[in-house]
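Dropping query25.tsv in here (TSV, C-alpha atoms):
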chain	number	residue	atom	x	y	z
Q	27	MET	CA	-16.59	100.21	195.09
Q	28	LYS	CA	-16.88	97.04	193.03
Q	29	LYS	CA	-20.37	98.11	191.91
Q	30	ILE	CA	-19.13	101.51	190.73
Q	31	LEU	CA	-16.31	99.86	188.78
Q	32	SER	CA	-18.77	97.46	187.14
Q	33	TYR	CA	-21.03	100.34	186.14
Q	34	LEU	CA	-18.10	102.29	184.70
Q	35	LEU	CA	-16.93	99.22	182.76
Q	36	LEU	CA	-20.45	98.73	181.41
Q	37	ILE	CA	-20.65	102.38	180.31
Q	38	VAL	CA	-17.24	102.15	178.55
Q	39	LEU	CA	-18.36	98.93	176.84
Q	40	LEU	CA	-21.62	100.53	175.65
Q	41	LEU	CA	-19.72	103.58	174.41
Q	42	CYS	CA	-17.36	101.34	172.44
Q	43	ILE	CA	-20.26	99.46	170.82
Q	44	GLY	CA	-21.98	102.77	169.95
Q	45	LEU	CA	-18.80	104.15	168.41
Q	46	ASN	CA	-18.31	101.02	166.33
Q	47	ILE	CA	-21.87	101.21	164.99
Q	48	HIS	CA	-21.35	104.89	164.10
Q	49	VAL	CA	-18.08	104.17	162.24
Q	50	TYR	CA	-19.65	101.18	160.42
Q	51	LYS	CA	-22.63	103.29	159.30
Q	52	ASN	CA	-20.37	106.10	158.09
Q	53	ASN	CA	-18.17	103.71	156.14
Q	54	ASN	CA	-21.16	102.30	154.33
Q	55	LYS	CA	-22.73	105.65	153.53
Q	56	LEU	CA	-22.22	106.40	149.85
Q	57	LYS	CA	-20.51	109.66	148.98
Q	58	LYS	CA	-22.78	111.99	147.02
Q	59	LEU	CA	-21.75	112.23	143.39
Q	60	SER	CA	-21.20	115.56	141.66
Q	61	LEU	CA	-23.39	116.16	138.63
Q	62	PRO	CA	-21.86	115.06	135.31
Q	63	GLU	CA	-19.83	117.90	133.79
Q	64	LYS	CA	-18.14	117.77	130.40
Q	65	THR	CA	-14.38	118.28	130.46
Q	66	GLU	CA	-12.77	121.07	128.45
Q	67	GLY	CA	-11.08	120.87	125.08
Q	68	LEU	CA	-10.96	118.12	122.48
Q	69	ARG	CA	-11.86	115.36	124.96
Q	70	GLY	CA	-14.96	117.34	125.81
Q	71	GLU	CA	-16.22	116.44	122.32
Q	72	PHE	CA	-16.74	112.89	123.54
Q	73	GLY	CA	-18.45	114.19	126.68
Q	74	ILE	CA	-15.76	112.82	128.99
Q	75	ASP	CA	-16.46	113.94	132.54
Q	76	LYS	CA	-14.44	116.71	134.15
Q	77	ASN	CA	-14.58	115.27	137.66
Q	78	ILE	CA	-15.11	111.52	137.32
Q	79	ASN	CA	-12.65	110.29	134.70
Q	80	GLU	CA	-9.64	108.01	134.17
Q	81	ALA	CA	-7.66	109.86	136.84
Q	82	THR	CA	-10.33	109.66	139.56
Q	83	ILE	CA	-12.51	106.60	138.81
Q	84	ASP	CA	-10.74	104.56	141.51
Q	85	ASN	CA	-12.55	106.71	144.10
Q	86	TYR	CA	-15.96	105.73	142.68
Q	87	LEU	CA	-15.66	101.95	142.18
Q	88	ASN	CA	-17.72	99.29	144.04
Q	89	ARG	CA	-20.73	101.52	144.65
Q	90	SER	CA	-23.96	99.62	145.29
Q	91	ASP	CA	-25.96	102.42	143.61
Q	92	SER	CA	-24.03	102.22	140.32
Q	93	VAL	CA	-23.26	100.01	137.33
Q	94	TYR	CA	-19.98	100.03	135.40
Q	95	ARG	CA	-19.90	99.34	131.64
Q	96	ASP	CA	-17.02	99.04	129.16
Q	97	MET	CA	-18.39	99.54	125.64
Q	98	ARG	CA	-15.65	97.83	123.60
Q	99	MET	CA	-15.79	94.57	121.66
Q	100	LEU	CA	-13.57	91.67	122.75
Q	101	LYS	CA	-12.14	91.74	119.24
Q	102	ASP	CA	-13.17	94.54	116.97
Q	103	PRO	CA	-13.36	93.57	113.27
Q	104	GLY	CA	-11.93	97.01	112.42
Q	105	ASN	CA	-8.29	96.85	111.33
Q	106	TYR	CA	-6.81	98.86	114.20
Q	107	GLU	CA	-3.41	97.31	113.55
Q	108	ALA	CA	-3.33	99.48	110.37
Q	109	ILE	CA	-2.86	102.53	112.58
Q	110	GLY	CA	-0.57	100.91	115.12
Q	111	GLY	CA	-3.33	99.80	117.46
Q	112	ASP	CA	-4.84	96.60	118.81
Q	113	SER	CA	-8.24	95.24	117.83
Q	114	TYR	CA	-8.49	93.22	121.07
Q	115	ILE	CA	-9.40	94.38	124.57
Q	116	SER	CA	-6.02	94.25	126.26
Q	117	GLY	CA	-7.22	95.22	129.71
Q	118	PHE	CA	-9.98	96.85	131.70
Q	119	VAL	CA	-10.75	98.58	135.00
Q	120	LYS	CA	-11.87	96.17	137.74
Q	121	GLY	CA	-15.65	96.15	138.14
Q	122	PHE	CA	-16.46	97.24	134.58
Q	123	GLU	CA	-18.56	94.78	132.58
Q	124	VAL	CA	-18.30	94.57	128.81
Q	125	VAL	CA	-21.32	95.55	126.70
Q	126	PRO	CA	-20.08	96.03	123.12
Q	127	LEU	CA	-21.58	99.19	121.62
Q	128	PRO	CA	-21.46	97.82	118.03
Q	129	TYR	CA	-24.08	95.22	119.17
Q	130	ILE	CA	-26.31	97.96	120.55
Q	131	VAL	CA	-26.26	100.39	117.63
Q	132	ASN	CA	-24.66	100.73	114.18
Q	133	ILE	CA	-21.22	102.44	114.14
Q	134	ASP	CA	-19.94	104.01	110.94
Q	135	ASN	CA	-17.44	106.75	111.71
Q	136	LEU	CA	-14.17	104.90	112.13
Q	137	PRO	CA	-10.91	106.11	110.54
Q	138	LYS	CA	-10.47	105.23	106.83
Q	139	GLU	CA	-7.48	102.96	107.52
Q	140	VAL	CA	-9.43	100.98	110.14
Q	141	GLY	CA	-12.32	100.30	107.79
Q	142	LYS	CA	-15.55	98.96	109.14
Q	143	THR	CA	-16.31	97.58	112.56
Q	144	TYR	CA	-18.93	94.86	113.22
Q	145	GLN	CA	-21.69	95.13	110.62
Q	146	GLY	CA	-24.10	92.46	111.89
Q	147	SER	CA	-27.37	92.72	113.81
Q	148	THR	CA	-27.84	95.52	116.34
Q	149	LEU	CA	-30.52	96.27	118.93
Q	150	PHE	CA	-31.09	99.74	117.45
Q	151	THR	CA	-30.42	101.55	114.19
Q	152	LEU	CA	-29.31	105.17	114.32
Q	153	LYS	CA	-30.92	106.98	111.41
Q	154	ASP	CA	-31.28	110.75	111.00
Q	155	GLY	CA	-30.46	111.23	114.67
Q	156	LYS	CA	-33.12	108.77	115.87
Q	157	TYR	CA	-32.62	105.40	117.54
Q	158	ILE	CA	-35.03	102.91	115.99
Q	159	PRO	CA	-35.44	99.54	117.77
Q	160	ASN	CA	-34.84	96.51	115.53
Q	161	TYR	CA	-36.27	93.96	117.98
Q	162	GLU	CA	-39.31	93.84	120.27
Q	163	GLU	CA	-36.94	93.25	123.19
Q	164	SER	CA	-34.41	96.01	122.33
Q	165	LEU	CA	-35.53	98.54	124.92
Q	166	SER	CA	-35.98	96.03	127.75
Q	167	ILE	CA	-32.48	94.62	127.10
Q	168	LEU	CA	-31.10	98.14	127.23
Q	169	GLU	CA	-32.98	98.84	130.48
Q	170	TYR	CA	-31.56	95.63	131.97
Q	171	LEU	CA	-28.00	96.45	130.96
Q	172	PHE	CA	-28.27	100.11	131.96
Q	173	PRO	CA	-30.70	100.26	134.92
Q	174	LYS	CA	-32.39	103.65	135.09
Q	175	ASP	CA	-32.40	103.69	138.89
Q	176	LYS	CA	-28.59	103.40	139.08
Q	177	TYR	CA	-25.72	105.70	138.27
Q	178	ILE	CA	-24.06	104.54	135.06
Q	179	PHE	CA	-20.29	104.77	134.59
Q	180	LEU	CA	-19.14	104.26	130.99
Q	181	MET	CA	-15.69	103.57	129.58
Q	182	CYS	CA	-14.12	102.34	126.32
Q	183	GLY	CA	-10.68	102.67	124.68
Q	184	ALA	CA	-10.46	106.45	124.44
Q	185	GLY	CA	-13.91	107.78	125.33
Q	186	GLY	CA	-15.68	107.76	121.93
Q	187	TYR	CA	-17.86	104.63	122.32
Q	188	ALA	CA	-18.69	105.69	125.90
Q	189	GLY	CA	-19.73	109.12	124.62
Q	190	SER	CA	-21.94	107.60	121.91
Q	191	THR	CA	-23.57	105.34	124.52
Q	192	LYS	CA	-24.33	108.26	126.81
Q	193	GLU	CA	-25.85	110.21	123.88
Q	194	MET	CA	-28.02	107.23	122.95
Q	195	LEU	CA	-29.28	106.59	126.48
Q	196	ILE	CA	-30.19	110.25	127.00
Q	197	SER	CA	-31.96	110.32	123.65
Q	198	LEU	CA	-33.98	107.25	124.72
Q	199	GLY	CA	-35.11	108.84	128.00
Q	200	TRP	CA	-32.38	108.09	130.57
Q	201	ASP	CA	-31.54	110.78	133.13
Q	202	GLU	CA	-28.44	112.63	131.89
Q	203	ASN	CA	-27.53	113.52	135.47
Q	204	LYS	CA	-26.93	109.85	136.28
Q	205	ILE	CA	-24.61	108.95	133.40
Q	206	TYR	CA	-20.85	109.55	133.46
Q	207	ASN	CA	-18.44	109.15	130.55
Q	208	VAL	CA	-15.35	108.16	132.49
Q	209	GLY	CA	-13.19	108.17	129.34
Q	210	GLY	CA	-10.75	105.60	127.95
Q	211	TYR	CA	-8.95	102.62	129.40
Q	212	TRP	CA	-5.85	103.74	127.48
Q	213	TYR	CA	-5.52	106.73	129.79
Q	214	TYR	CA	-6.17	104.83	132.99
Q	215	ASN	CA	-3.21	104.56	135.34
Q	216	GLY	CA	-4.91	103.63	138.62
Q	217	ASN	CA	-4.74	100.69	141.02
Q	218	ASN	CA	-7.58	98.60	139.55
Q	219	ASN	CA	-6.10	97.68	136.20
Q	220	ILE	CA	-6.78	94.11	135.06
Q	221	GLU	CA	-4.46	92.98	132.25
Q	222	VAL	CA	-6.04	90.78	129.59
Q	223	LYS	CA	-3.24	90.80	127.03
Q	224	LYS	CA	-0.41	88.41	127.77
Q	225	VAL	CA	2.91	88.04	125.94
Q	226	VAL	CA	4.84	84.86	126.75
Q	227	ASN	CA	7.98	83.98	124.77
Q	228	GLY	CA	6.97	86.47	122.10
Q	229	LYS	CA	3.53	84.89	121.73
Q	230	THR	CA	0.51	87.09	122.42
Q	231	SER	CA	-2.70	85.75	123.95
Q	232	TYR	CA	-5.74	87.27	125.68
Q	233	ASP	CA	-7.30	86.15	128.99
Q	234	PHE	CA	-10.88	86.98	128.03
Q	235	TRP	CA	-12.11	84.75	130.86
Q	236	LYS	CA	-11.28	87.64	133.21
Q	237	LEU	CA	-14.02	89.78	131.67
Q	238	ASN	CA	-17.68	89.94	132.61
Q	239	TYR	CA	-19.15	89.93	129.13
Q	240	HIS	CA	-22.78	90.57	128.14
Q	241	ASN	CA	-23.57	88.59	125.00
Q	242	ILE	CA	-26.68	89.24	122.91
Q	243	ASP	CA	-28.13	86.29	120.99
Q	244	PHE	CA	-29.98	88.04	118.18
Q	245	ASN	CA	-31.43	84.75	116.87
Q	246	SER	CA	-33.56	84.43	119.98
Q	247	LEU	CA	-35.07	87.93	119.61
Q	248	THR	CA	-38.23	88.96	117.75
Q	249	LYS	CA	-37.71	91.35	114.88
Q	250	VAL	CA	-39.90	94.45	114.83
Q	251	SER	CA	-42.40	94.07	111.99
Q	252	LYS	CA	-42.25	96.99	109.54
W	18	MET	CA	11.38	170.24	124.36
W	19	LYS	CA	13.52	168.58	121.68
W	20	LYS	CA	15.51	166.85	124.37
W	21	ILE	CA	12.35	165.38	125.93
W	22	ILE	CA	11.14	164.08	122.56
W	23	LEU	CA	14.57	162.53	121.92
W	24	ILE	CA	14.61	160.85	125.32
W	25	LEU	CA	11.05	159.57	124.84
W	26	THR	CA	11.92	158.21	121.37
W	27	LEU	CA	14.98	156.45	122.74
W	28	LEU	CA	12.92	155.00	125.58
W	29	LEU	CA	10.35	153.74	123.11
W	30	ILE	CA	13.03	152.08	120.98
W	31	VAL	CA	14.52	150.38	124.06
W	32	ILE	CA	11.06	149.12	125.12
W	33	LEU	CA	10.42	147.82	121.60
W	34	ILE	CA	13.76	145.99	121.48
W	35	ILE	CA	13.06	144.38	124.88
W	36	PHE	CA	9.56	143.39	123.75
W	37	ILE	CA	10.79	141.86	120.47
W	38	ASN	CA	13.56	139.98	122.25
W	39	ASN	CA	11.15	138.62	124.84
W	40	GLY	CA	8.82	137.48	122.08
W	41	ASN	CA	11.59	135.39	120.60
W	42	THR	CA	12.88	133.77	123.77
W	43	ASN	CA	10.55	130.79	123.37
W	44	LYS	CA	11.60	130.11	119.78
W	45	PHE	CA	13.97	127.30	119.02
W	46	LYS	CA	15.37	125.50	116.02
W	47	LEU	CA	14.70	121.85	115.22
W	48	GLU	CA	17.44	119.53	113.99
W	49	SER	CA	18.04	120.33	110.31
W	50	LYS	CA	16.80	116.86	109.24
W	51	TYR	CA	13.30	117.83	110.40
W	52	TYR	CA	13.01	120.74	107.96
W	53	GLU	CA	12.93	118.60	104.84
W	54	ASP	CA	9.90	116.68	103.68
W	55	GLY	CA	6.74	117.77	105.52
W	56	THR	CA	5.59	114.28	106.56
W	57	PHE	CA	5.00	112.15	109.64
W	58	LYS	CA	7.69	109.64	110.57
W	59	MET	CA	6.74	106.67	112.74
W	60	LEU	CA	9.10	105.95	115.66
W	61	THR	CA	9.19	103.43	118.51
W	62	SER	CA	9.32	104.46	122.17
W	63	ASP	CA	12.98	103.32	122.33
W	64	GLU	CA	13.87	105.59	119.44
W	65	ILE	CA	12.08	108.52	121.11
W	66	THR	CA	13.97	107.84	124.34
W	67	LYS	CA	17.28	107.90	122.42
W	68	LEU	CA	16.40	111.26	120.86
W	69	ILE	CA	15.68	112.66	124.34
W	70	GLU	CA	18.93	111.27	125.71
W	71	ASN	CA	20.81	112.79	122.76
W	72	LYS	CA	19.13	116.13	123.57
W	73	GLU	CA	17.64	116.52	120.11
W	74	SER	CA	15.04	119.14	119.18
W	75	PHE	CA	11.96	117.77	117.45
W	76	ILE	CA	8.16	117.71	117.23
W	77	LEU	CA	6.35	114.63	118.47
W	78	TYR	CA	2.79	113.54	117.77
W	79	THR	CA	1.20	110.95	120.07
W	80	TYR	CA	-2.21	109.64	119.11
W	81	ASN	CA	-4.82	107.16	120.23
W	82	ASN	CA	-6.04	104.49	117.89
W	83	TYR	CA	-9.58	104.02	118.89
W	84	CYS	CA	-11.77	107.05	118.44
W	85	THR	CA	-12.30	109.64	115.77
W	86	PHE	CA	-13.21	113.26	116.28
W	87	LYS	CA	-15.70	115.25	114.22
W	88	ILE	CA	-12.79	117.17	112.70
W	89	SER	CA	-9.78	114.93	112.09
W	90	CYS	CA	-6.74	116.49	113.78
W	91	ASP	CA	-4.52	114.22	111.63
W	92	GLU	CA	-5.65	116.16	108.56
W	93	ILE	CA	-5.17	119.53	110.28
W	94	PHE	CA	-1.61	118.63	111.28
W	95	THR	CA	-0.84	117.15	107.85
W	96	ASN	CA	-1.90	120.37	106.08
W	97	SER	CA	0.32	122.48	108.32
W	98	ILE	CA	3.47	120.38	108.13
W	99	LYS	CA	3.16	120.17	104.34
W	100	GLU	CA	2.90	123.93	104.19
W	101	LEU	CA	5.88	124.40	106.51
W	102	ASN	CA	7.93	121.43	105.23
W	103	LEU	CA	8.40	120.13	108.74
W	104	THR	CA	8.78	116.48	109.72
W	105	ILE	CA	6.79	115.41	112.77
W	106	LEU	CA	7.70	112.21	114.60
W	107	LYS	CA	4.76	110.00	115.46
W	108	VAL	CA	4.22	107.41	118.19
W	109	PRO	CA	1.05	105.53	119.28
W	110	PHE	CA	-0.06	106.49	122.79
W	111	ASP	CA	0.37	102.93	124.03
W	112	ASP	CA	4.09	103.14	123.16
W	113	PHE	CA	4.33	106.73	124.35
W	114	LYS	CA	3.31	105.61	127.85
W	115	THR	CA	6.65	103.81	128.22
W	116	THR	CA	8.67	107.02	127.66
W	117	THR	CA	9.57	109.59	130.34
W	118	LEU	CA	7.36	112.11	128.52
W	119	TYR	CA	4.34	110.30	130.00
W	120	ASP	CA	5.25	111.79	133.41
W	121	ASP	CA	4.01	115.15	132.07
W	122	ILE	CA	1.55	114.23	129.33
W	123	LYS	CA	-1.27	111.86	130.28
W	124	TYR	CA	-3.66	112.19	127.33
W	125	ALA	CA	-3.66	111.89	123.54
W	126	PRO	CA	-3.79	113.21	120.91
W	127	SER	CA	-1.05	115.68	121.62
W	128	ILE	CA	1.66	117.52	119.73
W	129	ILE	CA	4.75	118.01	121.87
W	130	LEU	CA	7.49	120.52	121.10
W	131	ILE	CA	10.84	119.33	122.42
W	132	ASN	CA	13.94	121.52	122.59
W	133	LYS	CA	17.26	119.80	123.40
W	134	GLY	CA	15.47	116.84	124.95
W	135	LYS	CA	13.12	118.93	127.10
W	136	ILE	CA	9.41	119.67	126.68
W	137	VAL	CA	8.82	123.31	125.75
W	138	THR	CA	5.06	123.06	125.40
W	139	TYR	CA	2.33	120.69	124.17
W	140	LEU	CA	-1.27	120.62	123.03
W	141	ASP	CA	-3.56	119.51	125.82
W	142	PRO	CA	-6.79	117.75	124.71
W	143	ASN	CA	-8.34	118.74	128.07
W	144	LYS	CA	-8.02	122.49	127.48
W	145	ASP	CA	-10.45	124.76	125.69
W	146	SER	CA	-7.59	127.12	124.89
W	147	ASP	CA	-5.99	124.42	122.69
W	148	LEU	CA	-9.17	123.21	120.97
W	149	LEU	CA	-8.84	125.36	117.83
W	150	LYS	CA	-5.23	124.27	117.32
W	151	TYR	CA	-6.55	120.73	116.85
W	152	GLN	CA	-9.29	121.83	114.49
W	153	ASP	CA	-7.92	124.65	112.34
W	154	SER	CA	-4.72	124.46	110.24
W	155	LYS	CA	-4.10	128.20	110.47
W	156	GLU	CA	-4.33	128.14	114.27
W	157	PHE	CA	-2.02	125.14	114.44
W	158	THR	CA	0.49	126.70	112.04
W	159	SER	CA	0.65	129.97	113.96
W	160	TRP	CA	1.11	128.02	117.21
W	161	LEU	CA	4.08	126.19	115.66
W	162	LYS	CA	5.53	129.46	114.37
W	163	GLU	CA	5.25	130.94	117.84
W	164	TYR	CA	7.74	128.41	119.18
W	165	ILE	CA	9.81	127.16	116.26
W	166	ASN	CA	12.17	128.99	113.94
W	167	ILE	CA	10.83	128.28	110.50
What's the C-alpha cells form of this structure?
Amino acid sequence: MKKILSYLLLIVLLLCIGLNIHVYKNNNKLKKLSLPEKTEGLRGEFGIDKNINEATIDNYLNRSDSVYRDMRMLKDPGNYEAIGGDSYISGFVKGFEVVPLPYIVNIDNLPKEVGKTYQGSTLFTLKDGKYIPNYEESLSILEYLFPKDKYIFLMCGAGGYAGSTKEMLISLGWDENKIYNVGGYWYYNGNNNIEVKKVVNGKTSYDFWKLNYHNIDFNSLTKVSK
Amino acid sequence: MKKIILILTLLLIVILIIFINNGNTNKFKLESKYYEDGTFKMLTSDEITKLIENKESFILYTYNNYCTFKISCDEIFTNSIKELNLTILKVPFDDFKTTTLYDDIKYAPSIILINKGKIVTYLDPNKDSDLLKYQDSKEFTSWLKEYINI
C-alpha cells in the first residue's frame, strides 16, 4: 500500500514539474506581431500603425526581439513655445531610448512660427529624395541604433519624426515589415508613462537622467571625402 | 384618376417636408459672439470647462504642436472661418487632455462642434472619411454648414 502511495505521489510530483515547465515556456514565447499597417485618415500621412500605436503599445513592450526608439531631441532648438508647445521632452514611454532624428538627418519642414530645429552636423543629408551619408561611419551607426534583425518600434511627439525615420530606414534597405510607427507620446495614455517634466513651487525642471539617450559625437567621425 | 394624382402629389409633399426637416435636425446655432470676426481665439482648459458647464454652443480646435502635415490644416480652417465669419476657439492638445472632452476625443488635430455643452460631432484624424475636411477648404466649409446655422 505504502509503495503504491509513493508511486502516486511521484507521478503527481512529475506532473506538477511538467506543467510548470509548460507554463514557463508559454509565458516566454513571444506573440507573433501583425504586419505593419498604416492607420486611416490624417494620421495615416505619418504612417502611424493601425494596430500597434499609442493605444496598444503597452501590449508590445519588453520584447527581446525588438528595439524601442523615441526620435525627439531632449531640447529642440525650434521655438515650440510660439505655438503653445514645449521644446523639451516632458515624458516618454518606458523602454523607449532617445535617438534624436535631427542628428540623423536634416529636418526642414517645421511650422513657420517654430522656425528652424537643430541645424548642425547630421549622419545623413536628405537631398532630392536620397539619403547621402556625411560620415564614413554613418551607416554602421544607423545599423547599431536600429538593428536589422530586430523589430523596430518608433515614437516621437505626434508621429511625424517617427514617420520620417521609418521612411529613411526603408529607403536605406531596412525591412519595412519590421518597422512600426507607434505614433506620438502626446497621445499615449497607458501604464508605462515616465514623467520627465517636473513643476515644483511654480518652477519647471526636467529629469533627463531618466532617459536612455544615444549621443553622437560628430567630431570623432570621419567625413566622407567628396 | 385626378384623385390619385392629387393623393400622390400630397404624399410627395409630405415626404419632402419630412426629408427637409430631418436634414435640419442636426443643425444648431452658436452663441452670437462666435459669428463676428472669423478668427481663432486661444483659450485655456479651465475656460473651455467653464463654457461646457455653462452649456454654451461653440466650435473648438485642438491641435498638436510637434508635427506638420503636407497640407496645413491650420490654413484650410483659417480660409473657411474667414469666409463664414465664424470664431473658432483653440486649445493645445496638452491642455485639452485635462478637459472632459478628452474622454471622447483621443487624437489631434480635431475640430469639435459643441451644442449646449455637448459634443455633436468632430473631425477624427484616424478616419479616411474625414481626411478631405482637413485638406480642402470647400469640404471643411460644407461640413460646418451641415451642422451649424450660418
Give me the residues of chain Q that have any atom at most 12 Å from an atom of chain W; for each, the nearest atom pair and the distance in Å, rounded to one decimal. Use all atoms listed in the file, sort by chain and number, and format it as CSV.
residue,atom,partner,partner_atom,distance
Q:Lys64,CA,W:Asn143,CA,10.1
Q:Thr65,CA,W:Asn143,CA,6.5
Q:Glu66,CA,W:Asn143,CA,5.0
Q:Gly67,CA,W:Asp145,CA,4.0
Q:Leu68,CA,W:Pro142,CA,4.7
Q:Arg69,CA,W:Pro142,CA,5.6
Q:Gly70,CA,W:Asn143,CA,7.1
Q:Glu71,CA,W:Phe86,CA,7.5
Q:Phe72,CA,W:Phe86,CA,8.1
Q:Gly73,CA,W:Asn143,CA,11.2
Q:Ile74,CA,W:Asn143,CA,9.5
Q:Asp75,CA,W:Asn143,CA,10.4
Q:Lys76,CA,W:Asn143,CA,8.8
Q:Asn77,CA,W:Asn143,CA,12.0
Q:Asn79,CA,W:Asn143,CA,11.6
Q:Glu80,CA,W:Lys123,CA,10.0
Q:Ala81,CA,W:Lys123,CA,9.4
Q:Met97,CA,W:Tyr83,CA,12.0
Q:Arg98,CA,W:Tyr83,CA,9.9
Q:Met99,CA,W:Tyr83,CA,11.6
Q:Asp102,CA,W:Tyr83,CA,10.3
Q:Gly104,CA,W:Tyr83,CA,9.8
Q:Asn105,CA,W:Asn82,CA,10.3
Q:Tyr106,CA,W:Asn82,CA,6.8
Q:Glu107,CA,W:Asn82,CA,8.8
Q:Ala108,CA,W:Asn82,CA,9.4
Q:Ile109,CA,W:Asn82,CA,6.5
Q:Gly110,CA,W:Pro109,CA,6.4
Q:Gly111,CA,W:Asn82,CA,5.4
Q:Asp112,CA,W:Asn82,CA,8.0
Q:Ser113,CA,W:Tyr83,CA,8.9
Q:Tyr114,CA,W:Tyr83,CA,11.1
Q:Ile115,CA,W:Tyr83,CA,11.2
Q:Ser116,CA,W:Asp111,CA,11.0
Q:Ile133,CA,W:Cys84,CA,11.4
Q:Asp134,CA,W:Thr85,CA,10.6
Q:Asn135,CA,W:Thr85,CA,7.2
Q:Leu136,CA,W:Thr85,CA,6.3
Q:Pro137,CA,W:Thr85,CA,6.5
Q:Lys138,CA,W:Thr85,CA,10.1
Q:Glu139,CA,W:Asn82,CA,10.6
Q:Val140,CA,W:Asn82,CA,9.2
Q:Thr143,CA,W:Tyr83,CA,11.3
Q:Cys182,CA,W:Tyr83,CA,8.9
Q:Gly183,CA,W:Tyr83,CA,6.0
Q:Ala184,CA,W:Tyr83,CA,6.1
Q:Gly185,CA,W:Cys84,CA,7.3
Q:Gly186,CA,W:Cys84,CA,5.3
Q:Tyr187,CA,W:Cys84,CA,7.6
Q:Ala188,CA,W:Cys84,CA,10.3
Q:Gly189,CA,W:Cys84,CA,10.3
Q:Ser190,CA,W:Cys84,CA,10.8
Q:Gly209,CA,W:Tyr124,CA,10.5
Q:Gly210,CA,W:Tyr83,CA,9.3
Q:Tyr211,CA,W:Tyr83,CA,10.6
Q:Trp212,CA,W:Asp111,CA,7.2
Q:Tyr213,CA,W:Tyr124,CA,6.3
Q:Tyr214,CA,W:Lys123,CA,9.0
Q:Asn215,CA,W:Lys123,CA,9.1
CA of Lys192 (chain Q) to CA of Phe179 (chain Q), distance in Å rounded to a single decimal: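 Between CA of Lys192 (chain Q) and CA of Phe179 (chain Q) the gap works out to 9.4 Å.
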Can you work out the spacing between CA of Phe122 (chain Q) and CA of Val222 (chain Q) in Å, to one decimal?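 For CA of Phe122 (chain Q) relative to CA of Val222 (chain Q), the distance reads 13.2 Å.
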Separation of CA of Ile32 (chain W) and CA of Val137 (chain W), in Å? 25.9 Å
Write out as a short mmCIF file (atom, residue, chain, number, x, y, z; two decimals) with C-alpha atoms, in the frame of the given file each polymer residue whose atoms come within 7 Å of region 195-204 of chain Q, counting all atoms listed in the file; drop sequence neighbours fewer than 6 positions from it.
data_model
loop_
_atom_site.label_atom_id
_atom_site.label_comp_id
_atom_site.auth_asym_id
_atom_site.auth_seq_id
_atom_site.Cartn_x
_atom_site.Cartn_y
_atom_site.Cartn_z
CA LEU Q 61 -23.39 116.16 138.63
CA PRO Q 62 -21.86 115.06 135.31
CA LYS Q 174 -32.39 103.65 135.09
CA TYR Q 177 -25.72 105.70 138.27
CA ILE Q 178 -24.06 104.54 135.06
#
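Restricting the calculation to all atoms listed in the file, the smallest distance between Ser49 (chain W) and any of W:Ile167, W:Val31, W:Asn71, W:Lys135 is found for W:Ile167.
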For a quick check of your reading of the model, name the residues lying within 12 Å of the coordinate (13.4, 106.3, 125.9), counting only C-alpha atoms, and write them as a list in words.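 Those within range, by chain then number, are Leu60, Thr61, Ser62, Asp63, Glu64, Ile65, Thr66, Lys67, Leu68, Ile69, Glu70, Asn71, Lys72, Asp112, Phe113, Lys114, Thr115, Thr116, Thr117, Leu118, Tyr119 and Gly134 of chain W.
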Just the residues within 8 Å of Leu87 (chain Q), please, counting all atoms listed in the file, with nothing from its chain fewer than 3 positions along; format it as a PyMOL selection string. chain Q and resi 83-84+121
Which of Q:Val93, Q:Ile242, Q:Val125, Q:Leu36 sits closest to Ser164 (chain Q) [using all atoms listed in the file]: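 Going through Q:Val93, Q:Ile242, Q:Val125, Q:Leu36 one by one, the smallest distance to Ser164 (chain Q) is for Q:Ile242.
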Repaired coordinates for region 31-38 of chain Q (N, CA, C and O atoms) as an mmCIF file, in the coordinates of the input:
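Output below, filename part13.cif:
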data_model
loop_
_atom_site.group_PDB
_atom_site.id
_atom_site.type_symbol
_atom_site.label_atom_id
_atom_site.label_comp_id
_atom_site.auth_asym_id
_atom_site.auth_seq_id
_atom_site.Cartn_x
_atom_site.Cartn_y
_atom_site.Cartn_z
ATOM 1 N N LEU Q 31 -17.225 100.305 189.854
ATOM 2 C CA LEU Q 31 -16.310 99.860 188.780
ATOM 3 C C LEU Q 31 -17.053 99.101 187.683
ATOM 4 O O LEU Q 31 -16.822 99.296 186.487
ATOM 5 N N SER Q 32 -17.975 98.232 188.119
ATOM 6 C CA SER Q 32 -18.770 97.460 187.140
ATOM 7 C C SER Q 32 -19.597 98.376 186.259
ATOM 8 O O SER Q 32 -19.657 98.205 185.036
ATOM 9 N N TYR Q 33 -20.228 99.381 186.914
ATOM 10 C CA TYR Q 33 -21.030 100.340 186.140
ATOM 11 C C TYR Q 33 -20.179 101.075 185.117
ATOM 12 O O TYR Q 33 -20.543 101.228 183.960
ATOM 13 N N LEU Q 34 -19.006 101.537 185.597
ATOM 14 C CA LEU Q 34 -18.100 102.290 184.700
ATOM 15 C C LEU Q 34 -17.677 101.427 183.501
ATOM 16 O O LEU Q 34 -17.651 101.869 182.357
ATOM 17 N N LEU Q 35 -17.351 100.173 183.806
ATOM 18 C CA LEU Q 35 -16.930 99.220 182.760
ATOM 19 C C LEU Q 35 -18.042 99.019 181.742
ATOM 20 O O LEU Q 35 -17.802 99.002 180.522
ATOM 21 N N LEU Q 36 -19.275 98.926 182.278
ATOM 22 C CA LEU Q 36 -20.450 98.730 181.410
ATOM 23 C C LEU Q 36 -20.645 99.951 180.496
ATOM 24 O O LEU Q 36 -20.889 99.814 179.290
ATOM 25 N N ILE Q 37 -20.496 101.146 181.094
ATOM 26 C CA ILE Q 37 -20.650 102.380 180.310
ATOM 27 C C ILE Q 37 -19.598 102.446 179.207
ATOM 28 O O ILE Q 37 -19.904 102.744 178.045
ATOM 29 N N VAL Q 38 -18.338 102.124 179.551
ATOM 30 C CA VAL Q 38 -17.240 102.150 178.550
ATOM 31 C C VAL Q 38 -17.557 101.160 177.426
ATOM 32 O O VAL Q 38 -17.392 101.464 176.238
#
